[in-house]
Amino acid sequence: MRPIMRLLPAAVAALRLTAAQPGFSAPSEPEQTGLPADPDWTIFVEPELGTRIDVPRAVFSVDDGPSFRGAGQQFSTADGRAVLSIYSQSNERGDTPASYRRKNFRGSRAAVDYDRVTRDFFALAGTSDGIIYYSRCNFSRRDGGTIHCFDLKYPQREKRAWDAIVTRMSLSLKGP
């Protein structure tokens with residue numbers, strides 16, 4: 001596993017703020033998650049810089065306003081147990097996925113369960129206090145060097161129920 005980045009704790013801290021809501025709890029069995037069998041997928045497009053991603057609107061039904069980073073939007077489940085932030089940012093410094101990750105994600109190696117970097121993207125996931133935090137950023141060369149990202153947090157006990165959602169969102173993330 002590669003060294004851990006600075007941005008994971010920032011993303012974890014930002015997403016953790018939403019986990020401290022009254023009544024926040026996770027079912028112990030994936031079948032009891034309340035996730036719909038057909039989550040009504042739609043394509044979300046961030047209008048300023050063009051990030052596109054498949055989003056299960058039946059799951060993320062609450063619009064929580066602007067994302068905490070870049071230009072974008074934040075959504076949550078009706079009960080607040082999962083939060084999704086979709087955003088774009090200009091890559092004015094010309095960072096690669098590896099250099100951006102190195103500059104912005106710091107944390108303990110123990111906090112990261114998944115860490116992948118290629119020349120076009122990075123994705124990482126970590127678990128803290130029963131919550132899974134997943135971040136992916138794609139780096140586009142053709143649209144002026146924009147970074148297209150999403151951050152997601154959801155209960156660890158619901159991991160199996162969320163796996164297909166995370167996979168589809170991750171694979172659909174792209175620029176204009």
# chains A, B, ... in the order shown; residues from 1 in each chain; ligands from 1
>>> select_by_dssp(residues="segment 69-140 of chain A", states="strand (DSSP E)", output="number ranges by chain")
A: 71-76, 83-90, 112-117, 121-128, 131-139
>>> write_last_selection(atoms="C-alpha atoms", output="PDB file, in the first residue's frame")
ATOM      1  CA  ALA A  71     -17.793  23.948  -7.602  1.00  0.00           C
ATOM      2  CA  GLY A  72     -20.462  21.361  -6.984  1.00  0.00           C
ATOM      3  CA  GLN A  73     -23.314  20.014  -4.933  1.00  0.00           C
ATOM      4  CA  GLN A  74     -23.837  17.929  -1.820  1.00  0.00           C
ATOM      5  CA  PHE A  75     -26.647  15.407  -1.320  1.00  0.00           C
ATOM      6  CA  SER A  76     -27.717  13.088   1.478  1.00  0.00           C
ATOM      7  CA  VAL A  83     -23.672  11.922   2.244  1.00  0.00           C
ATOM      8  CA  LEU A  84     -22.437  12.524  -1.308  1.00  0.00           C
ATOM      9  CA  SER A  85     -20.425  15.529  -2.453  1.00  0.00           C
ATOM     10  CA  ILE A  86     -19.754  16.026  -6.178  1.00  0.00           C
ATOM     11  CA  TYR A  87     -17.376  18.775  -7.242  1.00  0.00           C
ATOM     12  CA  SER A  88     -14.962  20.123  -9.842  1.00  0.00           C
ATOM     13  CA  GLN A  89     -11.876  22.244  -9.468  1.00  0.00           C
ATOM     14  CA  SER A  90      -9.384  23.781 -11.848  1.00  0.00           C
ATOM     15  CA  VAL A 112      -7.007   3.584   4.564  1.00  0.00           C
ATOM     16  CA  ASP A 113      -8.556   0.353   3.316  1.00  0.00           C
ATOM     17  CA  TYR A 114      -8.246   1.026  -0.434  1.00  0.00           C
ATOM     18  CA  ASP A 115      -5.741   3.218  -2.267  1.00  0.00           C
ATOM     19  CA  ARG A 116      -5.305   3.296  -6.040  1.00  0.00           C
ATOM     20  CA  VAL A 117      -3.481   5.848  -8.187  1.00  0.00           C
ATOM     21  CA  PHE A 121      -7.251   9.254 -11.327  1.00  0.00           C
ATOM     22  CA  PHE A 122      -6.931   8.313  -7.705  1.00  0.00           C
ATOM     23  CA  ALA A 123      -9.433   6.556  -5.486  1.00  0.00           C
ATOM     24  CA  LEU A 124      -9.186   5.821  -1.814  1.00  0.00           C
ATOM     25  CA  ALA A 125     -11.398   4.561   0.935  1.00  0.00           C
ATOM     26  CA  GLY A 126     -11.033   4.473   4.658  1.00  0.00           C
ATOM     27  CA  THR A 127     -13.044   3.490   7.680  1.00  0.00           C
ATOM     28  CA  SER A 128     -13.354   5.477  10.867  1.00  0.00           C
ATOM     29  CA  ILE A 131     -18.274   5.021   8.664  1.00  0.00           C
ATOM     30  CA  ILE A 132     -16.720   4.329   5.250  1.00  0.00           C
ATOM     31  CA  TYR A 133     -15.284   7.369   3.476  1.00  0.00           C
ATOM     32  CA  TYR A 134     -14.672   6.985  -0.270  1.00  0.00           C
ATOM     33  CA  SER A 135     -13.083   9.616  -2.535  1.00  0.00           C
ATOM     34  CA  ARG A 136     -12.298   9.529  -6.231  1.00  0.00           C
ATOM     35  CA  CYS A 137     -10.873  12.288  -8.424  1.00  0.00           C
ATOM     36  CA  ASN A 138     -10.366  12.055 -12.188  1.00  0.00           C
ATOM     37  CA  PHE A 139      -7.832  14.363 -13.822  1.00  0.00           C
TER      38      PHE A 139
END
>>> closest_residue(among="A:Ala78, A:Ile43, A:Leu173, A:Ala58", to="Ile147 of chain A", atoms="only C-alpha atoms")
A:Leu173
>>> residues_around(residues="Arg168 of chain A", least_positions_apart="3", cutoff="10 Å", atoms="only C-alpha atoms", output="PyMOL selection string")
chain A and resi 41+53-56+163-165+171-173
>>> closest_residue(among="A:Gly50, A:Gly80, A:Asp63, A:Pro36", to="Pro155 of chain A", atoms="only C-alpha atoms")
A:Gly80
>>> closest_residue(among="A:Arg57, A:Arg52, A:Arg141, A:Lys159", to="Asp120 of chain A", atoms="only C-alpha atoms")
A:Arg141
>>> select_by_dssp(residues="segment 77-165 of chain A", states="alpha helix (DSSP H)", output="CSV table (one decimal) with C-alpha atoms, in the first residue's frame")
chain,number,residue,atom,x,y,z
A,97,PRO,CA,-3.3,12.3,-9.3
A,98,ALA,CA,-0.2,11.3,-7.3
A,99,SER,CA,1.0,14.8,-6.6
A,100,TYR,CA,-2.4,16.1,-5.7
A,101,ARG,CA,-3.0,13.2,-3.3
A,102,ARG,CA,0.4,13.7,-1.7
A,103,LYS,CA,-0.2,17.4,-1.2
A,104,ASN,CA,-3.8,17.1,0.1
A,159,LYS,CA,-20.9,-2.0,2.9
A,160,ARG,CA,-22.2,-4.9,0.9
A,161,ALA,CA,-25.4,-3.0,0.1
A,162,TRP,CA,-23.4,0.0,-1.0
A,163,ASP,CA,-20.7,-1.8,-3.1
A,164,ALA,CA,-22.7,-1.7,-6.4
A,165,ILE,CA,-23.6,1.9,-5.9
